[in-house]
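Input: a single structure, listed below in structure tokens.
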Amino acid sequence: MDSLIKVRFRYSKTGMGVYLGHLEVSKMFDRAFKRSGIKLRYSEGFNPQPKMSFAAPISVGFSSEYEMGEAELELEEDIPKFEDLLLPRGFEILQYRRIGRDKSLMARTNSCDYIITPSGCFDEFDPDRILDFAEQDYFPFEKIRRGKKYTYNLMDYINLLEPADGSVKVNLEAGSAGALNPRILANILFKEDCQIHRTAIYDINSKLLIE
Amino acid sequence: MTGRPNFYDLSLLDVSKPTRYIGSEIGSVYKDEYKIHMAMIYPDTYEIGMSYLGMHILYELFNSFDSVYCERAFMPSYDMYCQMQRCGVSPFTLETKTPLSDLDIIGFTLQYEMSYTNIIRMLLDSGIEPYSRDRENAPLIIAGGPCAFNPEPLADFFDLFVIGEAEELSAELFALAKSYDLRAAGERHAFLLQASKIEGVYVPSLFVPLYKDGDLIGYNDPSGEPAVPVTKRIVEDFDSAFSLSQPIVPYSETVHDRAVLEIFRGCTKGCRFCQAGMIYRPVRERSVETVVRSAREIIKNTGYNELSLSSLSTLDHSDIDQMTTELLADADGAGSVSLPSLRMDSDSAAVLEKLSAKKKSGLTFAPEAGSQRMRDVINKGITEENILETFTNVFGLGWFRMKLYFMIGLPTETDPDLLGIADIGDLAVRTFNEVKPASVRKGAEIGISASCFVPKPFTPFQWHGQNSIDEFWDKINFLKKRITNSRVKFTFHDPYVSWLEGVLARGDRRIAPAILSATKKGCMMDGWSEHFKFDLWMQAFEENGIDPKYYNERERSKTEFLPWDILDCGVSKDFLKREYKNAVNEKVTRDCRDGCLNCGIMNGVTDICPMIGFYG
């Protein structure tokens with residue numbers, strides 16, 4: 001079992017690809033691997049599932065240049081060329097490398113960078129308002145969990161919040177201790193619809209998941 | 001780009017399963033250069049349309065022509081439909097989101113009558129005049145598929161119908177279409193005149209119906225001479241004909257989430273109720289070699305793990321045993337192979353055992369009728385012994401869930417025939433309890449499903465008067481009382497839907513205004529019980545002075561001119577009459593592999609039927 005091959009790969013999810021849900025993405029990759037002849041490992045049992053995992057799944061509708069997956073492969077001499085994977089429009093493999101017996105992607109994920117861009121049809125973008133918002137120590141928001149209402153401090157989940165060219169660049173908590181969906185922040189910051197785009201995922205040491 | 005609202009004004013996040021509307025799937029085609037821009041439309045939802053093999057075949061075939069760019073369109077699901085209405089977005093193609101009204105050709109596939117209002121709805125929502133005679137600057141609107149074998153209820157809406165198989169015909173049609181501006185009414189008409197000369201093409205505007213005393217008595221051509229029927233088109237050499245290699249791979253789960261492989265066309269069984277068994281003749285098989293090669297290619301191009309073989313009566317393929325063995329043994333093939341339908345005989349159990357080593361999910365069989373007498377009437381060639389043998393074999397192998405399909409309202413049916421349906425359910429449960437292996441701890445789960453028989457054109461029952469809605473309900477209630485076994489679950493089809501299907505299936509051109517009225521009143525998705533509005537349909541018939549019973553419940557005389565007599569499906573009217581007589585006399589007709597029955601297919605459609613002298 002020492003010969004386990006685990007590959008971590010980064011891909012983009014843009015265009016019409018943003019409408020694929022997490023399960024659809026994972027099924028899409030399963031088939032893409034099969035098409036390209038890259039042999040994934042499968043779980044045992046009646047309904048074998050591919051040994052594949054993804055970090056911090058994003059909501060349907062967000063675009064991303066930093067999606068992260070990991071796949072366990074059947075032993076081959078070389079790591080197959082992931083850039084040859086035939087993916088639907090809206091998906092592209094950007095990076096990949098072999099990794100060791102790492103902790104699972106989920107366990108390693110700690111925070112994510114997003115760019116939130118308001119459509120601009122209601123309000124003029126005001127950088128000072130964003131800066132003022134970022135200065136606060138406490139901003140309550142409510143979440144319903146298992147039928148009970150809890151109040152959280154939004155600022156605890158925001159590591160970075162700064163205006164940038166009509167957009168807002170943020171770094172949000174995404175680890176096991178708690179995660180903030182950027183949509184919640186976007187709805188608080190802006191009245192109108194926002195485009196949300198992920199640019200990076202970091203581990204607990206604030207290192208990118210793949211470099 | 002015009003300023004009208006389009007796809008990009010919609011919020012896909014507010015609808016369920018948005019991947020149904022985005023295109024871009026593996027296998028979808030994007031082209032920059034072409035002469036003819038068209039859409040192939042399945043007039044139902046994406047899931048249903050994408051589960052239809054013909055969609056994938058024609059899409060790949062049409063796009064293989066340099067001059068053609070063929071996209072897809074479907075009926076949106078209800079939530080999406082409502083949003084499109086609110087935003088004023090008209091129906092669009094999946095690939096480039098082009099409004100249908102901007103295309104050169106729109107092709108609909110006619111798979112079942114209950115989708116007719118969806119077709120008209122899509123035309124109306126696209127701002128396209130529904131009647132072909134009213135269309136000026138508009139796409140050419142064409143159709144094909146099994147329901148095109150009685151095109152008459154839709155004849156006034158369409159410019160052209162393809163009768164039969166499109167593989168070879170489409171090349172000729174597109175070659176011709178290239179030299180016309182199909183969107184201009186004048187050129188479209190000139191094109192249609194030329195296209196009508198292609199074998200298998202029916203241009204309804206060139207056929208003028210003649211009526212006498214309220215009955216259709218024939219058709220004239222534009223010069224006033226009696227019109228010559230259009231003969232259906234087939235692909236003679238099916239083994240080397242165009243074969244699907246790159247099906248589209250949907251993101252969301254469709255009804256059939258697997259690769260589908262067509263192994264032969266046609267059927268020799270000769271069931272008298274079955275339209276497909278008549279109109280797809282003659283039987284033409286693909287060789288094991290072709291099928292295995294094609295399977296490997298499709299698996300490689302799609303990444304599917306499962307493969308399903310497709311045809312009528314699949315186990316009838318001459319080399320089915322060798323074929324399944326080779327498909328299962330192929331390391332580059334699919335992990336598992338399944339069959340769409342199974343015959344109730346000894347071969348089935350053997351094949352089942354081979355194919356389903358792992359999963360023992362449910363099985364489906366279609367005895368179609370409850371009594372031996374009734375099965376002889378419909379020429380469903382299975383006996384009580386076959387049924388018992390099948391139950392014994394499959395339950396003995398460890399299956400516990402089984403669905404059994406029956407029809408009610410068949411010609412000459414009486415109470416004992418219906419009782420036979422309940423008896424077969426009991427027999428299944430009893431046999432299960434006797435033969436189930438010790439490892440099966442569950443009880444039997446038997447489903448009995450009764451559909452209301454709809455007589456179809458080009459079958460021996462095409463003259464039969466359909467049961468009334470009350471008669472169907474009486475039979476359903478009779479069965480409900482008799483099917484008492486707690487292990488048997490009884491379900492039935494809505495008689496209102498089947499009765500209306502009976503009108504549309506055998507209607508003539510005079511019902512077109514009712515189809516249009518019903519659509520305008522709000523009828524659509526008629527095949528979905530939650531959307532079906534029977535009352536609006538009845539209003540539509542009444543307002544247009546149409547008695548629906550004239551078309552469905554009336555027993556037709558054998559000498560009557562039928563609306564679809566303007567087409568020649570190959571099987572002769574004499575053969576159908578002979579078979580109707582045999583039905584009434586409860587006389588079984590053999591499978592024609594065992595000896596030609598002179599059905600007429602060699603008289604115009606093909607020179608030599610491959611089944612001739614099959615066994616000798």
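Going by the structure tokens order, chains are called A, B, ..., each with residues numbered from 1, while ligands are numbered from 1 in the order shown.
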Handout entry: Ser468 of chain B environment, 12 Å, only C-alpha atoms, sequence neighbours closer than 6 positions dropped, as a ChimeraX atom specification
Key = /B:408-410,452-454,474-475,495-500,502-503,548-555
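What chain A places within 9 Å of chain B, counting only C-alpha atoms, is Met16, Gly17, Tyr19, Leu20, Gly21, Leu23, Glu24, Val25, Lys27, Met28, Asp30, Arg31, Ala32, Phe33, Lys34, Arg35, Ser36, Gly37, Phe46, Val60, Gly61, Leu86, Leu87, Pro88, Arg89 and Gly90 of chain A.
Neighbours of Asp193 of chain A closer than or equal to 8 Å, with only C-alpha atoms counted and sequence neighbours fewer than 4 positions away skipped, come out as Pro118, Ser119 and Asn187 of chain A.
Atom CA of Leu154 of chain B is positioned 6.2 Å from atom CA of Ala512 of chain B.
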Nearby residues (only C-alpha atoms) at most 12 Å from Asp128 of chain A, same-chain spacing under 2 positions excluded, as a short mmCIF file (atom, residue, chain, number, x, y, z; two decimals) with N, CA and C atoms, in the first residue's frame:
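Full text of selection.cif as output:
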data_model
loop_
_atom_site.label_atom_id
_atom_site.label_comp_id
_atom_site.auth_asym_id
_atom_site.auth_seq_id
_atom_site.Cartn_x
_atom_site.Cartn_y
_atom_site.Cartn_z
N GLU A 124 -23.66 53.59 -6.38
CA GLU A 124 -22.28 53.85 -6.79
C GLU A 124 -21.39 53.12 -5.80
N PHE A 125 -20.32 52.52 -6.27
CA PHE A 125 -19.44 51.80 -5.35
C PHE A 125 -18.67 52.80 -4.48
N ASP A 126 -18.74 52.58 -3.16
CA ASP A 126 -18.12 53.53 -2.24
C ASP A 126 -17.05 52.83 -1.40
N ILE A 130 -16.85 50.53 2.58
CA ILE A 130 -16.29 49.20 2.80
C ILE A 130 -15.22 49.25 3.89
N LEU A 131 -14.38 50.28 3.82
CA LEU A 131 -13.31 50.41 4.82
C LEU A 131 -13.90 50.61 6.22
N ASP A 132 -14.95 51.44 6.30
CA ASP A 132 -15.62 51.66 7.59
C ASP A 132 -16.19 50.35 8.14
N PHE A 133 -16.81 49.60 7.24
CA PHE A 133 -17.41 48.32 7.66
C PHE A 133 -16.34 47.41 8.24
N ALA A 134 -15.19 47.39 7.57
CA ALA A 134 -14.10 46.50 7.99
C ALA A 134 -13.52 46.87 9.35
N GLU A 135 -13.68 48.14 9.72
CA GLU A 135 -13.13 48.63 10.99
C GLU A 135 -13.89 48.09 12.21
N LEU A 161 -10.87 42.37 4.51
CA LEU A 161 -11.98 42.96 3.77
C LEU A 161 -11.50 44.29 3.24
N GLU A 162 -11.27 44.37 1.93
CA GLU A 162 -10.78 45.65 1.39
C GLU A 162 -11.33 45.91 0.00
N PRO A 163 -11.61 47.18 -0.28
CA PRO A 163 -12.12 47.52 -1.60
C PRO A 163 -11.02 47.39 -2.66
N ALA A 164 -11.42 47.02 -3.86
CA ALA A 164 -10.44 46.90 -4.95
C ALA A 164 -11.16 47.04 -6.28
N GLY A 166 -13.87 48.63 -7.64
CA GLY A 166 -15.29 48.36 -7.78
C GLY A 166 -15.72 47.03 -7.22
N VAL A 168 -14.90 43.95 -3.89
CA VAL A 168 -14.38 43.81 -2.53
C VAL A 168 -13.58 42.51 -2.49
#
So that I can see what lies close to Arg97 of chain A, please list as an mmCIF file with C-alpha atoms, in the first residue's frame the residues with an atom at most 8 Å from it, counting only C-alpha atoms and leaving out residues fewer than 3 positions away in the same chain.
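Everything below was put into around-v9.cif:
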data_model
loop_
_atom_site.group_PDB
_atom_site.id
_atom_site.type_symbol
_atom_site.label_atom_id
_atom_site.label_comp_id
_atom_site.auth_asym_id
_atom_site.auth_seq_id
_atom_site.Cartn_x
_atom_site.Cartn_y
_atom_site.Cartn_z
ATOM 1 C CA VAL A 7 -2.929 13.602 -6.839
ATOM 2 C CA ARG A 8 -4.119 17.050 -5.874
ATOM 3 C CA PHE A 9 -5.428 19.179 -8.706
#
Problem - For Ser243 of chain B: contacts at 12 Å, only C-alpha atoms, fewer than 6 positions along chain excluded, given as an MDAnalysis selection string - result: chainID B and resid 53:54 56:61 64 167:168 235 237 260:264 286 290:291 293:295 297:298
Practice task
Can you check which residues of segment 143-299 of chain B DSSP gives as strand (DSSP E or B) on the backbone and send them as a VMD selection string?
Solution key: chain B and resid 143 to 144 160 to 162 164 201 to 202 208 to 212 215 to 220 226 230 to 231 233 249 259 to 262 264 to 265 284 to 285
Show which residues sit within 7 Å of segment 397-400 of chain B, as an mmCIF file with all heavy atoms, in the first residue's frame. Count only C-alpha atoms, and ignore same-chain residues fewer than 2 positions away.
data_model
loop_
_atom_site.group_PDB
_atom_site.id
_atom_site.type_symbol
_atom_site.label_atom_id
_atom_site.label_comp_id
_atom_site.auth_asym_id
_atom_site.auth_seq_id
_atom_site.Cartn_x
_atom_site.Cartn_y
_atom_site.Cartn_z
ATOM 1 N N LYS B 360 -29.461 -7.220 -7.613
ATOM 2 C CA LYS B 360 -30.739 -7.856 -7.909
ATOM 3 C C LYS B 360 -31.850 -6.836 -7.728
ATOM 4 O O LYS B 360 -32.650 -6.901 -6.814
ATOM 5 C CB LYS B 360 -30.967 -9.058 -6.986
ATOM 6 C CG LYS B 360 -29.986 -10.204 -7.180
ATOM 7 C CD LYS B 360 -30.665 -11.353 -7.883
ATOM 8 C CE LYS B 360 -29.860 -12.647 -7.849
ATOM 9 N NZ LYS B 360 -28.515 -12.563 -8.398
ATOM 10 N N ASN B 393 -38.010 -19.292 -12.380
ATOM 11 C CA ASN B 393 -36.590 -19.041 -12.633
ATOM 12 C C ASN B 393 -36.077 -17.789 -11.938
ATOM 13 O O ASN B 393 -35.085 -17.841 -11.228
ATOM 14 C CB ASN B 393 -36.342 -18.918 -14.134
ATOM 15 C CG ASN B 393 -36.379 -20.260 -14.823
ATOM 16 O OD1 ASN B 393 -36.070 -21.289 -14.201
ATOM 17 N ND2 ASN B 393 -36.764 -20.274 -16.076
ATOM 18 N N VAL B 394 -36.756 -16.679 -12.133
ATOM 19 C CA VAL B 394 -36.173 -15.424 -11.632
ATOM 20 C C VAL B 394 -36.303 -15.297 -10.114
ATOM 21 O O VAL B 394 -35.390 -14.823 -9.460
ATOM 22 C CB VAL B 394 -36.717 -14.160 -12.341
ATOM 23 C CG1 VAL B 394 -36.478 -14.218 -13.821
ATOM 24 C CG2 VAL B 394 -38.170 -13.927 -12.029
ATOM 25 N N PHE B 395 -37.416 -15.754 -9.560
ATOM 26 C CA PHE B 395 -37.526 -15.697 -8.096
ATOM 27 C C PHE B 395 -36.526 -16.671 -7.480
ATOM 28 O O PHE B 395 -35.951 -16.406 -6.427
ATOM 29 C CB PHE B 395 -38.952 -16.006 -7.633
ATOM 30 C CG PHE B 395 -39.942 -14.915 -7.982
ATOM 31 C CD1 PHE B 395 -41.198 -15.225 -8.484
ATOM 32 C CD2 PHE B 395 -39.614 -13.579 -7.796
ATOM 33 C CE1 PHE B 395 -42.109 -14.230 -8.805
ATOM 34 C CE2 PHE B 395 -40.519 -12.565 -8.120
ATOM 35 C CZ PHE B 395 -41.766 -12.897 -8.629
ATOM 36 N N MET B 402 -40.846 -7.186 -8.707
ATOM 37 C CA MET B 402 -41.185 -7.374 -10.117
ATOM 38 C C MET B 402 -42.364 -6.491 -10.500
ATOM 39 O O MET B 402 -43.315 -6.330 -9.755
ATOM 40 C CB MET B 402 -41.552 -8.838 -10.371
ATOM 41 C CG MET B 402 -41.815 -9.148 -11.827
ATOM 42 S SD MET B 402 -42.369 -10.835 -12.060
ATOM 43 C CE MET B 402 -40.853 -11.752 -11.828
ATOM 44 N N LYS B 436 -38.161 -19.080 -3.484
ATOM 45 C CA LYS B 436 -37.135 -18.088 -3.137
ATOM 46 C C LYS B 436 -35.997 -18.746 -2.358
ATOM 47 O O LYS B 436 -36.226 -19.630 -1.532
ATOM 48 C CB LYS B 436 -37.744 -16.952 -2.324
ATOM 49 C CG LYS B 436 -38.223 -17.367 -0.952
ATOM 50 C CD LYS B 436 -38.505 -16.169 -0.078
ATOM 51 C CE LYS B 436 -38.951 -16.658 1.297
ATOM 52 N NZ LYS B 436 -39.077 -15.612 2.267
ATOM 53 N N PRO B 437 -34.760 -18.339 -2.631
ATOM 54 C CA PRO B 437 -33.621 -18.905 -1.908
ATOM 55 C C PRO B 437 -33.681 -18.472 -0.436
ATOM 56 O O PRO B 437 -34.267 -17.433 -0.124
ATOM 57 C CB PRO B 437 -32.397 -18.268 -2.579
ATOM 58 C CG PRO B 437 -32.889 -17.530 -3.758
ATOM 59 C CD PRO B 437 -34.346 -17.321 -3.604
ATOM 60 N N VAL B 440 -32.872 -14.849 0.687
ATOM 61 C CA VAL B 440 -33.770 -13.709 0.492
ATOM 62 C C VAL B 440 -34.707 -13.608 1.681
ATOM 63 O O VAL B 440 -35.539 -14.482 1.924
ATOM 64 C CB VAL B 440 -34.576 -13.864 -0.823
ATOM 65 C CG1 VAL B 440 -35.598 -12.738 -0.954
ATOM 66 C CG2 VAL B 440 -33.635 -13.849 -2.010
ATOM 67 N N GLY B 443 -40.061 -10.102 1.551
ATOM 68 C CA GLY B 443 -41.225 -10.659 0.900
ATOM 69 C C GLY B 443 -41.285 -10.188 -0.542
ATOM 70 O O GLY B 443 -40.550 -9.276 -0.938
ATOM 71 N N ALA B 444 -42.151 -10.825 -1.319
ATOM 72 C CA ALA B 444 -42.290 -10.425 -2.717
ATOM 73 C C ALA B 444 -42.886 -9.026 -2.812
ATOM 74 O O ALA B 444 -43.713 -8.639 -1.999
ATOM 75 C CB ALA B 444 -43.179 -11.417 -3.440
ATOM 76 N N GLU B 445 -42.409 -8.249 -3.770
ATOM 77 C CA GLU B 445 -43.021 -6.952 -4.062
ATOM 78 C C GLU B 445 -43.423 -6.967 -5.526
ATOM 79 O O GLU B 445 -42.595 -6.809 -6.405
ATOM 80 C CB GLU B 445 -42.018 -5.817 -3.814
ATOM 81 C CG GLU B 445 -41.669 -5.606 -2.358
ATOM 82 C CD GLU B 445 -40.596 -4.536 -2.176
ATOM 83 O OE1 GLU B 445 -40.531 -3.608 -3.006
ATOM 84 O OE2 GLU B 445 -39.811 -4.670 -1.217
#
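Between atom CA of Glu192 of chain A and atom CA of Asp123 of chain A the separation is 8.3 Å.
The two atoms in question, atom CA of Leu169 of chain B and atom CA of His317 of chain B, are spaced 25.9 Å apart.
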